[in-house]
>>> print(open('upload10.txt').read())   # compact mmCIF, C-alpha atoms
# COMPACT_ATOMS: atom_id res chain seq x y z
CA MET A 222 0.00 0.00 0.00
CA THR A 223 2.79 2.43 0.92
CA GLY A 224 4.39 1.54 -2.40
CA LEU A 225 1.34 2.77 -4.31
CA TRP A 226 1.16 5.94 -2.22
CA ALA A 227 4.84 6.67 -2.84
CA LEU A 228 4.30 6.08 -6.56
CA PHE A 229 1.35 8.47 -6.53
CA LEU A 230 3.38 11.21 -4.83
CA SER A 231 6.38 10.75 -7.05
CA ALA A 232 4.23 10.81 -10.20
CA ALA A 233 2.49 13.98 -9.04
CA PHE A 234 5.42 15.97 -7.66
CA VAL A 235 8.88 14.48 -8.17
CA ASP A 236 8.36 13.55 -11.84
CA ASN A 237 5.91 16.35 -12.50
CA MET A 238 4.97 16.08 -16.17
CA PRO A 239 5.22 19.68 -17.40
CA LEU A 240 7.84 20.99 -14.97
CA THR A 241 10.48 18.28 -14.82
CA LEU A 242 9.76 16.06 -17.83
CA PHE A 243 8.70 18.83 -20.24
CA LEU A 244 5.57 16.96 -21.33
CA GLY A 245 2.34 18.58 -22.47
CA LEU A 246 3.92 22.01 -22.55
CA CYS A 247 2.00 23.27 -25.58
CA THR A 248 -1.40 23.11 -23.87
CA PHE A 249 0.26 23.93 -20.55
CA LEU A 250 1.36 27.32 -21.90
CA ALA A 251 -1.56 27.97 -24.24
CA LEU A 252 -4.39 27.32 -21.75
CA SER A 253 -2.90 28.79 -18.58
CA LYS A 254 -3.74 32.40 -19.36
CA ARG A 255 -6.72 32.29 -16.96
CA PRO A 256 -7.15 30.13 -13.84
CA GLU A 257 -10.68 29.04 -14.89
CA SER A 258 -9.52 27.41 -18.13
CA ALA A 259 -6.51 26.00 -16.28
CA ILE A 260 -8.80 24.23 -13.79
CA GLY A 261 -10.87 22.74 -16.64
CA LEU A 262 -7.73 21.49 -18.36
CA GLY A 263 -6.39 20.03 -15.13
CA ILE A 264 -9.57 18.04 -14.43
CA ALA A 265 -9.77 16.77 -18.00
CA MET A 266 -6.11 15.68 -17.91
CA THR A 267 -6.57 13.79 -14.63
CA GLY A 268 -9.66 12.01 -15.97
CA VAL A 269 -8.16 11.01 -19.31
CA LEU A 270 -4.81 9.90 -17.86
CA GLY A 271 -6.55 7.93 -15.12
CA VAL A 272 -8.57 6.02 -17.72
CA THR A 273 -6.14 5.57 -20.64
CA VAL A 274 -3.06 4.34 -18.75
CA PRO A 275 -4.76 1.27 -17.18
CA LEU A 276 -6.71 0.66 -20.42
CA ASN A 277 -3.50 0.68 -22.45
CA TRP A 278 -1.95 -1.64 -19.86
CA LEU A 279 -4.71 -4.19 -20.53
CA ILE A 280 -4.24 -3.89 -24.29
CA TYR A 281 -0.45 -4.06 -24.12
CA GLN A 282 -0.36 -7.08 -21.80
CA GLY A 283 -3.24 -8.86 -23.56
CA VAL A 284 -2.37 -8.32 -27.20
CA LEU A 285 0.94 -6.60 -27.88
CA ALA A 286 3.53 -7.74 -25.33
CA PRO A 287 6.06 -10.42 -26.37
CA GLY A 288 4.50 -13.79 -25.56
CA ALA A 289 0.95 -12.49 -25.25
CA TRP A 290 -0.22 -14.98 -27.88
CA THR A 291 1.27 -18.06 -26.22
CA TRP A 292 -2.25 -19.45 -25.58
CA ALA A 293 -2.88 -19.41 -29.34
CA GLY A 294 0.30 -21.36 -30.05
CA MET A 295 2.40 -18.35 -31.12
CA PRO A 296 4.83 -17.78 -28.20
CA ASP A 297 7.38 -15.93 -30.38
CA LEU A 298 5.00 -13.31 -31.69
CA ASP A 299 6.10 -9.81 -30.59
CA LEU A 300 3.75 -7.02 -31.61
CA SER A 301 5.17 -4.39 -29.29
CA TYR A 302 6.36 -2.27 -32.22
CA LEU A 303 2.67 -1.59 -32.92
CA SER A 304 2.11 -0.13 -29.46
CA LEU A 305 2.40 3.47 -30.65
CA ILE A 306 -0.51 3.17 -33.08
CA ALA A 307 -2.56 1.11 -30.63
CA PHE A 308 -2.07 3.61 -27.79
CA ILE A 309 -2.97 6.59 -29.96
CA GLY A 310 -6.10 4.81 -31.12
CA VAL A 311 -7.14 3.99 -27.55
CA ILE A 312 -6.51 7.56 -26.43
CA ALA A 313 -8.50 9.05 -29.33
CA ALA A 314 -11.37 6.63 -28.69
CA THR A 315 -11.37 7.26 -24.92
CA VAL A 316 -11.46 10.98 -25.41
CA GLN A 317 -14.33 10.62 -27.87
CA VAL A 318 -16.33 8.32 -25.55
CA LEU A 319 -15.67 10.54 -22.56
CA GLU A 320 -16.90 13.54 -24.52
CA MET A 321 -20.11 11.75 -25.58
CA LEU A 322 -20.80 10.47 -22.04
CA LEU A 323 -20.31 13.91 -20.54
CA ASP A 324 -22.48 15.48 -23.22
CA ARG A 325 -25.26 12.97 -22.53
CA PHE A 326 -25.23 12.87 -18.71
CA PHE A 327 -23.46 16.03 -17.52
CA PRO A 328 -24.06 18.74 -20.13
CA ALA A 329 -22.94 21.47 -17.72
CA VAL A 330 -19.53 19.83 -17.21
CA HIS A 331 -19.23 19.24 -20.94
CA ALA A 332 -19.89 22.91 -21.66
CA ALA A 333 -17.28 23.88 -19.08
CA PHE A 334 -14.60 21.75 -20.76
CA GLY A 335 -15.41 23.23 -24.15
CA VAL A 336 -12.60 22.68 -26.60
CA PHE A 337 -10.11 21.05 -24.22
CA LEU A 338 -11.34 17.48 -24.46
CA PRO A 339 -10.73 16.84 -28.19
CA LEU A 340 -7.36 18.60 -27.90
CA LEU A 341 -6.21 16.01 -25.39
CA THR A 342 -5.92 13.39 -28.15
CA VAL A 343 -2.71 15.01 -29.34
CA GLN A 344 -1.40 15.84 -25.87
CA CYS A 345 2.08 14.42 -25.52
CA ALA A 346 1.72 14.01 -21.74
CA ILE A 347 -1.11 11.51 -22.21
CA LEU A 348 0.73 9.38 -24.74
CA ALA A 349 3.82 9.63 -22.55
CA GLY A 350 1.84 8.25 -19.60
CA SER A 351 1.18 5.05 -21.54
CA LEU A 352 4.73 4.83 -22.91
CA PHE A 353 6.24 5.24 -19.41
CA MET A 354 3.87 2.53 -18.19
CA VAL A 355 5.41 0.07 -20.68
CA ASP A 356 8.95 1.36 -20.13
CA ARG A 357 8.80 0.93 -16.34
CA ALA A 358 6.80 -2.34 -16.40
CA TYR A 359 4.04 -1.28 -14.00
CA THR A 360 1.31 -3.62 -12.78
CA LEU A 361 -2.36 -2.79 -13.41
CA ALA A 362 -2.85 -1.14 -10.00
CA GLU A 363 0.40 0.77 -10.32
CA SER A 364 -0.50 2.06 -13.78
CA ALA A 365 -3.88 3.36 -12.56
CA VAL A 366 -2.21 5.12 -9.62
CA PHE A 367 0.51 6.46 -11.90
CA GLY A 368 -2.07 7.86 -14.36
CA LEU A 369 -4.07 9.59 -11.65
CA GLY A 370 -0.94 10.93 -9.94
CA SER A 371 0.55 12.44 -13.09
CA GLY A 372 -2.81 13.96 -14.00
CA LEU A 373 -3.06 15.56 -10.58
CA GLY A 374 0.50 16.87 -10.80
CA PHE A 375 -0.29 18.44 -14.17
CA ALA A 376 -3.46 20.01 -12.75
CA VAL A 377 -1.61 21.52 -9.77
CA ALA A 378 1.11 22.98 -11.99
CA VAL A 379 -1.24 24.43 -14.61
CA VAL A 380 -3.55 26.04 -12.04
CA MET A 381 -0.55 27.58 -10.26
CA LEU A 382 0.80 29.03 -13.51
CA GLY A 383 -2.67 30.33 -14.45
CA ALA A 384 -2.98 32.12 -11.12
CA LEU A 385 0.52 33.59 -11.45
CA ARG A 386 -0.18 34.89 -14.95
CA THR A 387 -3.22 36.89 -13.83
CA ARG A 388 -0.99 38.62 -11.27
CA LEU A 389 1.24 39.82 -14.11
CA ALA A 390 -1.30 42.61 -14.66
CA TYR A 391 0.62 44.51 -12.00
CA ALA A 392 4.06 43.92 -13.51
CA ASP A 393 5.58 46.37 -15.98
CA LEU A 394 7.35 44.02 -18.36
CA PRO A 395 9.56 44.90 -21.34
CA ALA A 396 7.50 44.56 -24.53
CA GLY A 397 9.49 41.62 -25.91
CA LEU A 398 9.11 39.57 -22.74
CA ARG A 399 5.33 39.83 -22.48
CA GLY A 400 3.23 36.73 -22.97
CA LEU A 401 5.29 33.72 -24.04
CA GLY A 402 8.67 34.96 -22.81
CA ILE A 403 7.67 35.63 -19.23
CA ALA A 404 5.58 32.45 -19.18
CA PHE A 405 8.74 30.45 -19.90
CA VAL A 406 10.70 32.25 -17.20
CA MET A 407 7.94 31.69 -14.64
CA THR A 408 7.68 28.02 -15.60
CA GLY A 409 11.42 27.79 -15.07
CA LEU A 410 11.12 29.28 -11.58
CA MET A 411 8.28 26.87 -10.74
CA SER A 412 10.41 24.05 -12.05
CA LEU A 413 13.21 25.13 -9.67
CA GLY A 414 10.69 24.97 -6.84
CA PHE A 415 9.51 21.50 -7.84
CA ALA A 416 13.13 20.35 -8.00
CA SER A 417 13.10 20.43 -4.20
CA PHE A 418 10.60 17.54 -4.23
CA ALA A 419 13.35 15.39 -5.73
CA GLN A 420 15.27 15.76 -2.46
CA MET A 421 12.17 14.57 -0.63
CA ALA A 422 12.16 11.37 -2.68
CA VAL A 423 15.82 10.70 -1.97
CA SER A 424 15.57 11.23 1.79
CA GLN A 425 12.51 8.98 2.06
CA MET B 5 10.27 32.88 -61.44
CA ALA B 6 7.44 34.06 -59.22
CA ALA B 7 6.67 30.48 -58.21
CA ARG B 8 10.28 29.87 -57.24
CA PHE B 9 10.29 33.06 -55.19
CA ASP B 10 7.18 31.88 -53.32
CA LEU B 11 8.77 28.54 -52.52
CA TRP B 12 11.87 30.34 -51.24
CA THR B 13 9.72 32.50 -48.91
CA THR B 14 7.80 29.44 -47.75
CA LEU B 15 11.12 27.81 -46.89
CA THR B 16 12.82 30.74 -45.14
CA GLU B 17 9.86 32.38 -43.40
CA PRO B 18 9.64 29.78 -40.56
CA LEU B 19 13.37 30.08 -39.77
CA ILE B 20 13.09 33.18 -37.59
CA ARG B 21 10.15 35.34 -38.58
CA GLN B 22 7.47 32.61 -38.22
CA ASN B 23 9.54 30.30 -36.06
CA PRO B 24 7.40 27.34 -34.92
CA VAL B 25 8.83 27.22 -31.39
CA THR B 26 9.13 30.87 -30.42
CA LEU B 27 6.11 32.32 -32.21
CA GLN B 28 3.60 29.58 -32.97
CA ILE B 29 4.14 27.75 -29.61
CA LEU B 30 4.33 24.40 -31.38
CA GLY B 31 6.53 21.46 -30.48
CA ILE B 32 7.93 22.89 -27.26
CA CYS B 33 7.85 19.69 -25.20
CA SER B 34 10.45 17.84 -27.18
CA ALA B 35 12.42 21.03 -27.84
CA LEU B 36 13.24 21.34 -24.16
CA ALA B 37 13.54 17.73 -23.11
CA VAL B 38 16.28 16.63 -25.49
CA THR B 39 18.58 19.64 -25.37
CA THR B 40 21.02 18.63 -22.63
CA SER B 41 23.60 17.90 -25.33
CA LEU B 42 24.14 18.79 -28.97
CA ALA B 43 24.18 15.18 -30.17
CA THR B 44 20.68 14.37 -28.88
CA ALA B 45 19.38 17.75 -30.07
CA LEU B 46 20.75 17.09 -33.57
CA THR B 47 19.28 13.56 -33.73
CA MET B 48 15.91 14.85 -32.60
CA SER B 49 16.01 17.71 -35.13
CA VAL B 50 16.83 15.37 -38.02
CA SER B 51 14.14 12.84 -36.99
CA LEU B 52 11.50 15.52 -36.61
CA THR B 53 12.36 17.23 -39.91
CA VAL B 54 12.20 13.90 -41.77
CA VAL B 55 8.87 12.91 -40.20
CA LEU B 56 7.42 16.37 -40.73
CA THR B 57 8.43 16.65 -44.40
CA LEU B 58 7.33 13.13 -45.31
CA SER B 59 4.01 13.32 -43.48
CA ALA B 60 3.18 16.71 -44.99
CA GLY B 61 3.99 15.38 -48.46
CA ILE B 62 1.95 12.18 -48.03
CA ILE B 63 -1.05 13.91 -46.48
CA SER B 64 -1.00 16.55 -49.17
CA LEU B 65 -0.92 13.84 -51.86
CA ILE B 66 -4.08 12.16 -50.55
CA ARG B 67 -5.72 15.34 -49.26
CA ARG B 68 -8.67 15.08 -51.66
CA HIS B 69 -9.45 11.52 -50.56
CA ILE B 70 -9.51 12.01 -46.77
CA PRO B 71 -13.05 12.47 -45.42
CA ASP B 72 -13.14 15.61 -43.34
CA THR B 73 -14.69 13.99 -40.26
CA ILE B 74 -11.98 11.40 -39.69
CA ARG B 75 -9.00 13.38 -40.97
CA LEU B 76 -7.34 13.64 -37.54
CA ILE B 77 -7.24 9.86 -37.14
CA VAL B 78 -5.90 9.40 -40.68
CA GLN B 79 -3.20 12.01 -40.14
CA ILE B 80 -2.16 10.55 -36.80
CA VAL B 81 -1.91 7.05 -38.22
CA ILE B 82 0.32 8.27 -41.06
CA VAL B 83 2.53 10.20 -38.64
CA ALA B 84 2.68 7.29 -36.18
CA SER B 85 3.75 4.86 -38.92
CA LEU B 86 6.59 7.20 -39.97
CA VAL B 87 7.65 7.61 -36.35
CA ILE B 88 7.76 3.84 -35.85
CA VAL B 89 10.09 3.56 -38.86
CA ILE B 90 12.39 6.33 -37.53
CA ASP B 91 12.37 4.77 -34.06
CA GLN B 92 13.35 1.34 -35.40
CA VAL B 93 16.12 2.89 -37.55
CA LEU B 94 17.53 4.75 -34.56
CA GLN B 95 17.40 1.64 -32.38
CA ALA B 96 19.21 -0.35 -35.07
CA PHE B 97 21.99 2.06 -35.99
CA PHE B 98 22.32 4.60 -33.14
CA ALA B 99 21.51 2.53 -30.06
CA ASP B 100 23.22 4.88 -27.57
CA ILE B 101 21.45 8.00 -28.74
CA SER B 102 18.17 6.11 -29.00
CA ARG B 103 18.51 5.16 -25.34
CA ALA B 104 19.32 8.77 -24.36
CA LEU B 105 16.22 10.05 -26.15
CA SER B 106 14.09 7.31 -24.51
CA ILE B 107 10.41 7.94 -25.20
CA TYR B 108 10.84 11.34 -26.79
CA VAL B 109 11.26 9.89 -30.30
CA SER B 110 7.90 8.13 -29.99
CA LEU B 111 6.45 11.39 -28.78
CA ILE B 112 7.08 12.98 -32.19
CA THR B 113 3.70 11.37 -32.98
CA THR B 114 1.91 13.82 -30.74
CA ASN B 115 4.30 16.68 -31.38
CA CYS B 116 1.91 19.52 -32.04
CA LEU B 117 4.27 20.87 -34.69
CA VAL B 118 3.64 17.90 -37.02
CA LEU B 119 -0.13 17.91 -36.67
CA GLY B 120 -0.24 21.70 -36.61
CA ARG B 121 1.50 22.02 -39.97
CA THR B 122 -0.50 19.24 -41.64
CA GLU B 123 -3.75 20.77 -40.35
CA ALA B 124 -2.85 24.34 -41.20
CA TYR B 125 -0.93 23.96 -44.45
CA ALA B 126 -0.57 20.51 -46.01
CA ARG B 127 -4.33 19.95 -46.08
CA HIS B 128 -4.88 22.86 -48.48
CA HIS B 129 -1.76 22.86 -50.65
CA ALA B 130 -0.12 20.80 -53.38
CA PRO B 131 2.55 18.27 -52.29
CA VAL B 132 5.63 20.32 -53.27
CA PRO B 133 4.76 23.54 -51.38
CA ALA B 134 3.48 21.46 -48.46
CA ALA B 135 6.75 19.54 -48.21
CA VAL B 136 8.78 22.75 -48.57
CA ASP B 137 6.77 24.44 -45.84
CA ALA B 138 7.19 21.43 -43.57
CA PHE B 139 10.93 21.32 -44.29
CA GLY B 140 11.24 25.03 -43.47
CA ASN B 141 9.39 24.55 -40.18
CA GLY B 142 11.60 21.57 -39.40
CA LEU B 143 14.67 23.75 -39.98
CA GLY B 144 13.28 26.53 -37.78
CA TYR B 145 12.66 23.98 -35.01
CA SER B 146 16.15 22.53 -35.46
CA LEU B 147 17.71 26.00 -35.26
CA ILE B 148 16.16 26.64 -31.83
CA LEU B 149 17.04 23.14 -30.62
CA LEU B 150 20.67 23.46 -31.68
CA ILE B 151 21.05 26.92 -30.10
CA ILE B 152 19.64 25.74 -26.77
CA GLY B 153 21.42 22.38 -26.91
CA GLY B 154 24.71 24.10 -27.72
CA LEU B 155 24.41 26.61 -24.89
CA ARG B 156 23.42 23.95 -22.35
CA GLU B 157 26.21 21.57 -23.31
CA LEU B 158 28.82 24.35 -23.51
CA PHE B 159 28.06 25.88 -20.11
CA GLY B 160 26.88 22.71 -18.37
CA ARG B 161 29.83 20.50 -19.31
CA GLY B 162 32.22 22.75 -21.21
CA GLN B 163 31.82 20.53 -24.25
CA LEU B 164 30.52 20.75 -27.82
CA PHE B 165 29.50 17.40 -29.38
CA GLY B 166 31.46 15.75 -26.57
CA TRP B 167 34.66 17.66 -27.46
CA GLN B 168 36.11 19.64 -24.54
CA ALA B 169 35.73 23.26 -25.72
CA LEU B 170 36.40 24.89 -22.36
CA PRO B 171 39.14 23.33 -20.16
CA LEU B 172 37.57 22.17 -16.89
CA ALA B 173 38.89 23.34 -13.53
CA ASP B 174 39.13 19.70 -12.35
CA ALA B 175 41.47 18.93 -15.23
CA GLY B 176 43.74 21.94 -14.68
CA GLY B 177 41.77 24.43 -16.81
CA TRP B 178 39.78 27.46 -15.67
CA PHE B 179 36.13 26.56 -16.38
CA THR B 180 33.79 25.40 -13.60
CA PRO B 181 30.69 23.76 -15.11
CA LEU B 182 27.31 25.23 -14.19
CA SER B 183 25.33 22.16 -13.22
CA LEU B 184 22.12 24.22 -13.31
CA MET B 185 22.45 24.21 -17.11
CA LEU B 186 21.86 20.45 -17.17
CA LEU B 187 18.69 20.66 -15.04
CA ALA B 188 15.18 21.32 -16.26
CA PRO B 189 14.76 24.98 -15.18
CA SER B 190 17.63 26.30 -17.30
CA ALA B 191 15.91 25.11 -20.50
CA PHE B 192 12.90 27.25 -19.64
CA PHE B 193 15.09 30.27 -18.81
CA LEU B 194 17.11 29.94 -22.03
CA LEU B 195 14.02 29.60 -24.21
CA GLY B 196 12.39 32.56 -22.45
CA GLY B 197 15.53 34.61 -23.08
CA LEU B 198 15.62 33.49 -26.72
CA VAL B 199 11.99 34.55 -27.22
CA TRP B 200 12.85 37.89 -25.67
CA ALA B 201 15.89 38.34 -27.93
CA ILE B 202 13.92 37.55 -31.11
CA ARG B 203 11.10 39.86 -30.12
CA ALA B 204 13.55 42.64 -29.29
CA LEU B 205 14.85 42.37 -32.85
CA LEU B 206 11.37 42.03 -34.40
CA PRO B 207 9.18 44.30 -32.25
CA GLU B 208 6.05 43.51 -34.29
CA GLN B 209 5.95 40.07 -32.63
CA ALA B 210 5.52 41.47 -29.12
CA GLU B 211 2.22 40.53 -27.49
CA ALA B 212 -0.24 42.89 -25.84
CA PRO B 213 -0.41 42.52 -22.03
CA GLU B 214 -2.62 39.54 -21.15
CA HIS B 215 -4.31 41.15 -18.19
CA GLU B 216 -4.97 44.82 -17.43
CA PRO B 217 -4.97 45.98 -13.82
CA PRO B 218 -8.46 47.00 -12.68
CA ALA B 219 -9.13 50.68 -13.35
CA ASP B 220 -10.10 51.69 -9.82
CA VAL B 221 -7.59 50.52 -7.27
CA ARG B 222 -9.36 48.99 -4.29
CA PRO B 223 -8.24 46.21 -1.98
CA ALA B 224 -9.28 42.87 -3.46
CA GLU B 225 -12.37 41.41 -1.86
>>> encode(input="upload10.txt", output="structure tokens")
Amino acid sequence: MTGLWALFLSAAFVDNMPLTLFLGLCTFLALSKRPESAIGLGIAMTGVLGVTVPLNWLIYQGVLAPGAWTWAGMPDLDLSYLSLIAFIGVIAATVQVLEMLLDRFFPAVHAAFGVFLPLLTVQCAILAGSLFMVDRAYTLAESAVFGLGSGLGFAVAVVMLGALRTRLAYADLPAGLRGLGIAFVMTGLMSLGFASFAQMAVSQ
Amino acid sequence: MAARFDLWTTLTEPLIRQNPVTLQILGICSALAVTTSLATALTMSVSLTVVLTLSAGIISLIRRHIPDTIRLIVQIVIVASLVIVIDQVLQAFFADISRALSIYVSLITTNCLVLGRTEAYARHHAPVPAAVDAFGNGLGYSLILLIIGGLRELFGRGQLFGWQALPLADAGGWFTPLSLMLLAPSAFFLLGGLVWAIRALLPEQAEAPEHEPPADVRPAE
């Protein structure tokens, strides 16, 4: 149990997706101009990562992994080179299903997400979640915890950056640094702050 | 002559003026993650440029046959197939670099730069201009990657492509490496500074302030 909890914390803070692994930065920077949209993006990320990582685990272990077809008399069959296409397909389908379910049962939530949901199909952080899951050989429970943890870490970071950017109204920036430039510098400072979590993991 | 001139502009425009990383905010994830050394940055640049050019060309060739509703899936499958090929080639011939890049080569699939260019340009243009535009964007991306990779390797380790450019203090020289340069935050700082430098040279790219302070100054409730 403590193992899962440690994995959750390390996925959320030590290996924070945008700040230490540079994943999902495009949406991270583009949708953090206001805290409201940042919260929507954070919730959507947590939901999609929490669903797709365990789902892709089932597909990888059941169909693609080396030796997955032993029961059918083909122990040497290794389809793992197809995992990229399979994962992308699963992610696109999950996002689509999630969008339809929300639209049908929770129209208010669906309206709040707006354009973010379809965008998540091409979010590198989500694909990376599944690729890390294969790379680090997680179990099913671990992959679910890992997906939720990284989603939560992304949400925390994006909401913090969104809140910081609204405070920039009171800063008199040089013209060239406004917008993208200062967003990078602030992300860098946040990343320095998150680097201290790495020490926490070591001392544990 | 006019046509050739247009192609030339299409090729050179994304280098600085319409740079995909600093102006269009496309493909930033991979741009920062692989720039701890010049060798990985160069490999990533070449892989991305190849994937980008080929996918733009292929998608442009079949652009009249893709139904509009499922075009994203079709484009992603084409891009993913090309990325699988590149990944296998790297694993076969450049095993060390492939290991250093870990999952970031696979992540070219969801690199917003590739999908962004196919959506915005290749879908509406003939194969040759589409491929030229993609190649130009690939070069613009590579330029940024190589600048950042070069700076980080030079100041973080005192090396360029693994060759000791600045003599290290440990080995009797004068240069003490800045280990911050090899950590994540420095990539953000360098890219922020680069954006600032480009916008100082081209003031028309500067953005309006995102938020205005409230007109009447009262304590926040």
>>> interface_residues(input="upload10.txt", of="chain B", to="chain A", cutoff="8 Å", atoms="all atoms listed in the file", output="PyMOL selection string")
chain B and resi 26+29-34+36-37+77+80-81+84-85+88+107+110-111+114-116+188-193+195-197+199-204+207+209-217
>>> atom_distance(input="upload10.txt", atom1="atom CA of Ile20 of chain B", atom2="atom CA of Leu42 of chain B")
20.1 Å
>>> closest_residue(input="upload10.txt", among="A:Thr273, A:Thr360, A:Val355, A:Ser253", to="Leu285 of chain A", atoms="all atoms listed in the file")
A:Val355
>>> atom_distance(input="upload10.txt", atom1="atom CA of Leu184 of chain B", atom2="atom CA of Glu157 of chain B")
11.1 Å
>>> atom_distance(input="upload10.txt", atom1="atom CA of Gln79 of chain B", atom2="atom CA of Ala135 of chain B")
14.9 Å
>>> closest_residue(input="upload10.txt", among="A:Trp290, A:Phe418, A:Phe367, A:Phe327", to="Leu228 of chain A", atoms="all atoms listed in the file")
A:Phe367
>>> closest_residue(input="upload10.txt", among="B:Ala173, B:Leu94, B:Leu158, B:Leu164", to="Met185 of chain B", atoms="only C-alpha atoms")
B:Leu158
>>> closest_residue(input="upload10.txt", among="B:Leu76, B:Ala43, B:Leu198, B:Leu186", to="Gly166 of chain B", atoms="all atoms listed in the file")
B:Ala43
>>> residues_around(input="upload10.txt", residues="Thr16 of chain B", least_positions_apart="4", cutoff="9 Å", atoms="all atoms listed in the file", output="compact mmCIF listing (two decimals) with C-alpha atoms, in the frame of the given file")
# COMPACT_ATOMS: atom_id res chain seq x y z
CA LEU B 11 8.77 28.54 -52.52
CA TRP B 12 11.87 30.34 -51.24
CA ILE B 20 13.09 33.18 -37.59
CA ARG B 21 10.15 35.34 -38.58
CA GLN B 22 7.47 32.61 -38.22
CA ASP B 137 6.77 24.44 -45.84
CA GLY B 140 11.24 25.03 -43.47
CA ASN B 141 9.39 24.55 -40.18
CA LEU B 143 14.67 23.75 -39.98
CA GLY B 144 13.28 26.53 -37.78
>>> residues_around(input="upload10.txt", residues="Asp297 of chain A", least_positions_apart="6", cutoff="8 Å", atoms="all atoms listed in the file", output="list in words")
Pro287, Gly288 and Thr291 of chain A
>>> closest_residue(input="upload10.txt", among="B:Ile70, B:Leu52, B:Leu194, B:Val83", to="Gly153 of chain B", atoms="only C-alpha atoms")
B:Leu194
>>> decode(input="upload10.txt", residues="segment 144-188 of chain B", atoms="C-alpha atoms", output="PDB file, in the first residue's frame")
ATOM      1  CA  GLY B 144      13.278  26.527 -37.781  1.00  0.00           C
ATOM      2  CA  TYR B 145      12.664  23.976 -35.013  1.00  0.00           C
ATOM      3  CA  SER B 146      16.153  22.532 -35.464  1.00  0.00           C
ATOM      4  CA  LEU B 147      17.708  25.996 -35.256  1.00  0.00           C
ATOM      5  CA  ILE B 148      16.164  26.636 -31.828  1.00  0.00           C
ATOM      6  CA  LEU B 149      17.042  23.136 -30.620  1.00  0.00           C
ATOM      7  CA  LEU B 150      20.672  23.461 -31.679  1.00  0.00           C
ATOM      8  CA  ILE B 151      21.054  26.920 -30.101  1.00  0.00           C
ATOM      9  CA  ILE B 152      19.638  25.739 -26.766  1.00  0.00           C
ATOM     10  CA  GLY B 153      21.423  22.382 -26.912  1.00  0.00           C
ATOM     11  CA  GLY B 154      24.715  24.100 -27.723  1.00  0.00           C
ATOM     12  CA  LEU B 155      24.406  26.612 -24.887  1.00  0.00           C
ATOM     13  CA  ARG B 156      23.419  23.948 -22.355  1.00  0.00           C
ATOM     14  CA  GLU B 157      26.210  21.567 -23.309  1.00  0.00           C
ATOM     15  CA  LEU B 158      28.818  24.351 -23.505  1.00  0.00           C
ATOM     16  CA  PHE B 159      28.059  25.885 -20.114  1.00  0.00           C
ATOM     17  CA  GLY B 160      26.877  22.710 -18.373  1.00  0.00           C
ATOM     18  CA  ARG B 161      29.828  20.497 -19.307  1.00  0.00           C
ATOM     19  CA  GLY B 162      32.216  22.747 -21.211  1.00  0.00           C
ATOM     20  CA  GLN B 163      31.824  20.525 -24.251  1.00  0.00           C
ATOM     21  CA  LEU B 164      30.520  20.751 -27.819  1.00  0.00           C
ATOM     22  CA  PHE B 165      29.501  17.405 -29.385  1.00  0.00           C
ATOM     23  CA  GLY B 166      31.455  15.747 -26.571  1.00  0.00           C
ATOM     24  CA  TRP B 167      34.661  17.664 -27.462  1.00  0.00           C
ATOM     25  CA  GLN B 168      36.109  19.639 -24.542  1.00  0.00           C
ATOM     26  CA  ALA B 169      35.734  23.256 -25.717  1.00  0.00           C
ATOM     27  CA  LEU B 170      36.404  24.889 -22.355  1.00  0.00           C
ATOM     28  CA  PRO B 171      39.137  23.335 -20.157  1.00  0.00           C
ATOM     29  CA  LEU B 172      37.569  22.167 -16.887  1.00  0.00           C
ATOM     30  CA  ALA B 173      38.886  23.336 -13.526  1.00  0.00           C
ATOM     31  CA  ASP B 174      39.134  19.703 -12.351  1.00  0.00           C
ATOM     32  CA  ALA B 175      41.474  18.930 -15.233  1.00  0.00           C
ATOM     33  CA  GLY B 176      43.739  21.938 -14.681  1.00  0.00           C
ATOM     34  CA  GLY B 177      41.770  24.433 -16.813  1.00  0.00           C
ATOM     35  CA  TRP B 178      39.782  27.457 -15.670  1.00  0.00           C
ATOM     36  CA  PHE B 179      36.126  26.562 -16.377  1.00  0.00           C
ATOM     37  CA  THR B 180      33.791  25.396 -13.602  1.00  0.00           C
ATOM     38  CA  PRO B 181      30.691  23.761 -15.108  1.00  0.00           C
ATOM     39  CA  LEU B 182      27.314  25.227 -14.189  1.00  0.00           C
ATOM     40  CA  SER B 183      25.332  22.158 -13.221  1.00  0.00           C
ATOM     41  CA  LEU B 184      22.120  24.215 -13.307  1.00  0.00           C
ATOM     42  CA  MET B 185      22.447  24.210 -17.105  1.00  0.00           C
ATOM     43  CA  LEU B 186      21.859  20.450 -17.171  1.00  0.00           C
ATOM     44  CA  LEU B 187      18.690  20.659 -15.043  1.00  0.00           C
ATOM     45  CA  ALA B 188      15.175  21.321 -16.260  1.00  0.00           C
TER      46      ALA B 188
END
